[in-house]
Structure formats: structure tokens, C-alpha cells
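Input: a single structure, listed below in C-alpha cells.
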Amino acid sequence: MRQIRLLDYTGNVFADSFNLGDDIQTLAVSRLLPHVDGYVCREALDRVETPCTVPLNGYFMNTPHWPPSAAVRPVFYAFHLAAEAQRWLCSAESLAYLRRWQPIGCRDRGTQALLEAHGVQAYYSRCLTLTLPRREHEPENGQVFMVGLSAAARQAIPRALRRDAVCVDQARVRLPVGDGALKRGLAGELLAQYRQRARLVITSKIHCAMPCIAMGIPVVFLYDARRRDDYRVQLIDELVGIHYVHQHGPLARLRNRWLGRSIDWSPAALDIEPLKQQIIAGFNEVFAHVHREEEVA
């Protein structure tokens, strides 16, 4: 029986710091699988020797170790092609590989458009972190969480909310942790903290916003006004909207305080259960097709 393996985020690329958003994506897909036999490093997919099916959900990628080896049967769902990785992910060899496994389920419309422009069949699958279960109860004395916000961005937030807020930076965790299981444990605990304690999450991180939206937590999303063309965050805009804040210049903080007056700081939690079921059904269909022993044309 072919193994099922998930993406791991270990190695030299992650030696200085790591982003728990990567591991949150791995936790999200693990819930949708019958079992997990192990893990493979995202940055060494071309070196995999054990025959396995691997969901390729997430950001691709930091190194040119692409395409994956012949041992890997890729499940392309919630795939994001980073702009800085186009030089190897849009090479002739890579495009031939992608066409073999098309259509490609894309995390964002920007990735879909990019692949289609290169003659690869693609569709908009959204992100698997949107499939996390909705929490059953809201906390009685919930707290505000500010996640991944710069000092300038925080100036948009009313002082009454900032005063007792919990500050988290899940995207630049600086710990001497090389073990993938420990990182996934940290990611799981962080999700539990959001689920159990948060009455509002204010963030600039997509893999804080999307899991929290899925769990039924109100979210306000702040993002750098200079990055309005960043296709990674389009999905957030479709769900809760984006408030663009100023990160640079001597007047950035003052401008953000003014901007904050127009933001609803008491938003309702979204109910995305129908969308969630649609995403899950789409993934299950693709996974079942790829995991079969027959070759994909």
C-alpha cells in the first residue's frame, strides 16, 4: 500500500526562524486523511525515495528542489506558487510536470491565473485551513489577539483594545527547534489558544486569519498598503475584507490612527460551513483520484 505523507518544514532553510503558518496547513490537511504514515521535507521533494502520496498544499517554495521525485504522487490542492519561485516552478521541466497532474487546485486566484497563462489547467480550490472545525463555545472573558502586526499597524487599533491584547508573532518564531513534530505541536497549541481564548483576532497573517475564520472567531485583517497587488491575500479580501495600513514614512502612525476610526472593531464571526464542506469534498475527490495505484495520464 502506498504511504500517505505530509509536508514537513525542517532543514537549513528554517534554521534561523520558522513560520507556524506552514505547520498549521499541515495540521489542517491531516484531519482530512484516513491516516498519516510520515512526512517529507518541502524543500527536498526531489530526493524522496519511498513511494508516497503527498498533498502539496501551501507555499512553494524557497529552494529549487523541484519537481518532486517519481516516488511522489502529488495532490495539488490549495497550491500556492510564490512569485519569487517562478524561475524554477515555471521552467519547462516544471510545467511539463504540472501538466501531467493537472488540473491544479490553487490556494489563490493569482496562482490560478499564473498557471493558466503558462498553459496549465488550474482552478480555485481555496485553502485547507478554512476546513478547521468551528468552535462550539465562545470564551466568557475572551481576549483580543494581535498577531504579526508591526508597530505602525498597531496604531490603527483603539488603545482600549491594545491595552490588554495578547501579542503573537507566529510567522517569525525564533527557537532552536529542528524537530517537525515539536513545531506541529506548537502550531496545534497556538490554534487551541485562539480557539479557547480569542474574542477578536487582529492580524496581517493569512494563516492566522483563515484558521480563525474557520473556527468562528471574529477577524480584522490589516495589510501593508504598498502590497495591494499581493495575490496571496485575495482570499482574505473575499471573506472579511482587508484594511490597508501604512508601514512606512514619518506620518504612517498618524495616518493609521485616522484609518482606525473607520474600521469595525466588533465584527461578527463568519459562518462558512457550506464553503467548508465544499472545500473538503473537493479535496477528498482529488486525493482519492491521485492515491489510487493506477498511473495518472
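So you can find residues: chains in the C-alpha cells are A, B, ... in the order shown, residues in each start at 1, and ligands are numbered from 1 in order.
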Exercise: region 150-166 of chain A partners within 8 Å, only C-alpha atoms, chain neighbours under 6 positions left out, as a list in words: Gln143, Val144, Leu222, Val245, His246, Gln247, Ala252, Arg253, Leu254, Asn256, Arg257, Trp258, Leu259, Gly260 and Arg261 of chain A
Within 7 Å of region 48-71 of chain A, which residues of region 77-186 of chain A show up? Give each one with its shortest atom-to-atom distance in Å (one decimal) and the two atoms involved, counting only C-alpha atoms, rows by chain then rising residue number, as JSON lines.
```
{"residue": "A:Tyr77", "atom": "CA", "partner": "A:Asn57", "partner_atom": "CA", "distance": 5.7}
{"residue": "A:Ala78", "atom": "CA", "partner": "A:Asn57", "partner_atom": "CA", "distance": 4.7}
{"residue": "A:Phe79", "atom": "CA", "partner": "A:Asn57", "partner_atom": "CA", "distance": 4.8}
{"residue": "A:His80", "atom": "CA", "partner": "A:Tyr59", "partner_atom": "CA", "distance": 4.9}
{"residue": "A:Leu81", "atom": "CA", "partner": "A:Phe60", "partner_atom": "CA", "distance": 5.2}
{"residue": "A:Ala82", "atom": "CA", "partner": "A:Phe60", "partner_atom": "CA", "distance": 5.8}
{"residue": "A:Ala85", "atom": "CA", "partner": "A:Met61", "partner_atom": "CA", "distance": 6.1}
{"residue": "A:Trp88", "atom": "CA", "partner": "A:Pro64", "partner_atom": "CA", "distance": 6.1}
{"residue": "A:Ser94", "atom": "CA", "partner": "A:Pro67", "partner_atom": "CA", "distance": 5.9}
{"residue": "A:Tyr97", "atom": "CA", "partner": "A:Pro67", "partner_atom": "CA", "distance": 7.0}
```
For the selection just defined, write its residues with C-alpha atoms to a file, as a PDB file, in the first residue's frame.
```
ATOM      1  CA  TYR A  77      -4.966  21.230  -3.847  1.00  0.00           C
ATOM      2  CA  ALA A  78      -4.520  24.618  -2.114  1.00  0.00           C
ATOM      3  CA  PHE A  79      -1.238  25.050  -4.010  1.00  0.00           C
ATOM      4  CA  HIS A  80       0.429  28.476  -3.938  1.00  0.00           C
ATOM      5  CA  LEU A  81       3.140  29.391  -6.425  1.00  0.00           C
ATOM      6  CA  ALA A  82       5.254  32.126  -4.895  1.00  0.00           C
ATOM      7  CA  ALA A  85       9.870  30.939  -7.189  1.00  0.00           C
ATOM      8  CA  TRP A  88      12.024  27.191 -11.315  1.00  0.00           C
ATOM      9  CA  SER A  94       8.170  22.057 -14.058  1.00  0.00           C
ATOM     10  CA  TYR A  97       5.272  18.018 -14.538  1.00  0.00           C
TER      11      TYR A  97
END
```
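Around Ala117 (chain A), within 12 Å and counting only C-alpha atoms, the residues found are Cys90, Leu95, Gly110 and Thr111 of chain A, once anything fewer than 6 positions away on its own chain is removed.
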So that I have them on file, write out the residues from the current selection with N, CA and C atoms, as a compact mmCIF listing (two decimals), in the first residue's frame.
```
# COMPACT_ATOMS: atom_id res chain seq x y z
N CYS A 90 8.11 27.66 -12.99
CA CYS A 90 7.57 27.90 -14.33
C CYS A 90 8.58 27.53 -15.42
N LEU A 95 6.67 22.86 -15.78
CA LEU A 95 5.37 22.97 -16.45
C LEU A 95 4.93 21.63 -17.02
N GLY A 110 -4.49 34.27 -7.96
CA GLY A 110 -3.25 34.68 -8.61
C GLY A 110 -2.45 33.49 -9.11
N THR A 111 -2.35 32.45 -8.28
CA THR A 111 -1.67 31.23 -8.71
C THR A 111 -2.41 30.59 -9.88
```
12 Å contact set for Ala192 (chain A), only C-alpha atoms, chain neighbours under 5 positions out, as a list in words: Ile24, Leu132, Pro133, Arg134, Arg135, Gly185, Leu186, Ala187, Arg197, Ala198, Pro211, Cys212 and Met215 of chain A
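Shortest atom-to-atom contact with Leu33 (chain A) among A:Glu116, A:Ile4, A:Ala171, A:Glu136: A:Ile4, counting only C-alpha atoms.
Considering only C-alpha atoms, the residue among A:Asn19, A:Gln3, A:Ser262, A:Gln234 positioned nearest to Tyr124 (chain A) is A:Gln234.
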Strand (DSSP E or B) per DSSP on the backbone: members of region 151-234 of chain A, as a PyMOL selection string: chain A and resi 166-168+173+198-203+219-224
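Among A:Ile202, A:Leu175, A:Leu275, A:Cys106, the residue with the shortest atom-to-atom distance to Arg126 (chain A), counting only C-alpha atoms, is A:Cys106.
In this structure, CA of Leu270 (chain A) sits 19.0 Å away from CA of Ser125 (chain A).
The coordinates place CA of Arg2 (chain A) at 25.9 Å from CA of Ala122 (chain A).
Distances here use only C-alpha atoms; by that measure, the residue among A:Leu128, A:Leu20, A:Leu7, A:Ile242 closest to Val173 (chain A) is A:Leu20.
If you measure from each of A:His137, A:His291, A:Arg47, A:Arg5 to Ser30 (chain A) using only C-alpha atoms, the closest one turns out to be A:Arg5.
For the residues A:Val120, A:Leu6, A:Ala44, A:Ile213, ranking by smallest atom-to-atom distance to Arg31 (chain A) using only C-alpha atoms places A:Leu6 first.
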Distance of CA of His207 (chain A) from CA of Val219 (chain A), expressed in Å to one decimal place: 11.9 Å
DSSP helix (DSSP H, G or I) residues within region 51-223 of chain A, as a ChimeraX atom specification: /A:83-89,92-100,109-117,128-131,151-154,159-162,180-197,206-214
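Contact shell of Val240 (chain A) at 10 Å (only C-alpha atoms; same-chain neighbours under 2 positions omitted): Ala209, Met210, Ile213, Pro218, Val219, Val220, Phe221, Leu235, Ile236, Asp237, Glu238, Ile242, His243, Pro267, Ala268, Ala269 and Leu270 of chain A.
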Keeping N, CA and C atoms for every residue in the selection just given, could you write it to a file as a compact mmCIF listing (two decimals), in the first residue's frame?
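Wrote selection.txt, looks like this:
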```
# COMPACT_ATOMS: atom_id res chain seq x y z
N ALA A 209 -5.46 34.34 10.01
CA ALA A 209 -6.82 34.78 9.67
C ALA A 209 -7.70 33.62 9.23
N MET A 210 -7.22 32.80 8.29
CA MET A 210 -8.09 31.75 7.74
C MET A 210 -8.45 30.68 8.77
N ILE A 213 -11.06 32.31 11.05
CA ILE A 213 -12.35 32.42 10.37
C ILE A 213 -13.06 31.08 10.40
N PRO A 218 -14.12 36.12 15.29
CA PRO A 218 -14.12 37.38 14.53
C PRO A 218 -12.70 37.81 14.18
N VAL A 219 -12.52 38.28 12.95
CA VAL A 219 -11.19 38.63 12.45
C VAL A 219 -11.23 40.00 11.79
N VAL A 220 -10.21 40.82 12.11
CA VAL A 220 -9.94 42.06 11.38
C VAL A 220 -8.56 41.89 10.75
N PHE A 221 -8.48 42.12 9.44
CA PHE A 221 -7.23 41.88 8.72
C PHE A 221 -6.63 43.21 8.28
N LEU A 235 -7.95 35.94 -1.07
CA LEU A 235 -8.97 35.11 -0.42
C LEU A 235 -9.46 35.77 0.87
N ILE A 236 -8.57 36.42 1.60
CA ILE A 236 -8.97 37.12 2.81
C ILE A 236 -9.93 38.26 2.46
N ASP A 237 -9.63 38.97 1.39
CA ASP A 237 -10.48 40.08 0.97
C ASP A 237 -11.89 39.59 0.66
N GLU A 238 -12.00 38.40 0.06
CA GLU A 238 -13.30 37.84 -0.26
C GLU A 238 -14.10 37.47 0.99
N ILE A 242 -10.04 43.60 3.60
CA ILE A 242 -8.69 43.98 4.01
C ILE A 242 -8.67 45.47 4.29
N HIS A 243 -8.09 45.84 5.42
CA HIS A 243 -7.87 47.24 5.75
C HIS A 243 -6.38 47.54 5.52
N PRO A 267 -16.58 43.01 14.76
CA PRO A 267 -17.22 42.27 13.67
C PRO A 267 -17.81 40.96 14.17
N ALA A 268 -18.81 40.49 13.45
CA ALA A 268 -19.38 39.18 13.77
C ALA A 268 -18.51 38.08 13.17
N ALA A 269 -18.53 36.94 13.81
CA ALA A 269 -17.83 35.78 13.26
C ALA A 269 -18.57 35.31 12.01
N LEU A 270 -17.81 34.91 11.00
CA LEU A 270 -18.43 34.40 9.77
C LEU A 270 -18.88 32.96 9.95
```
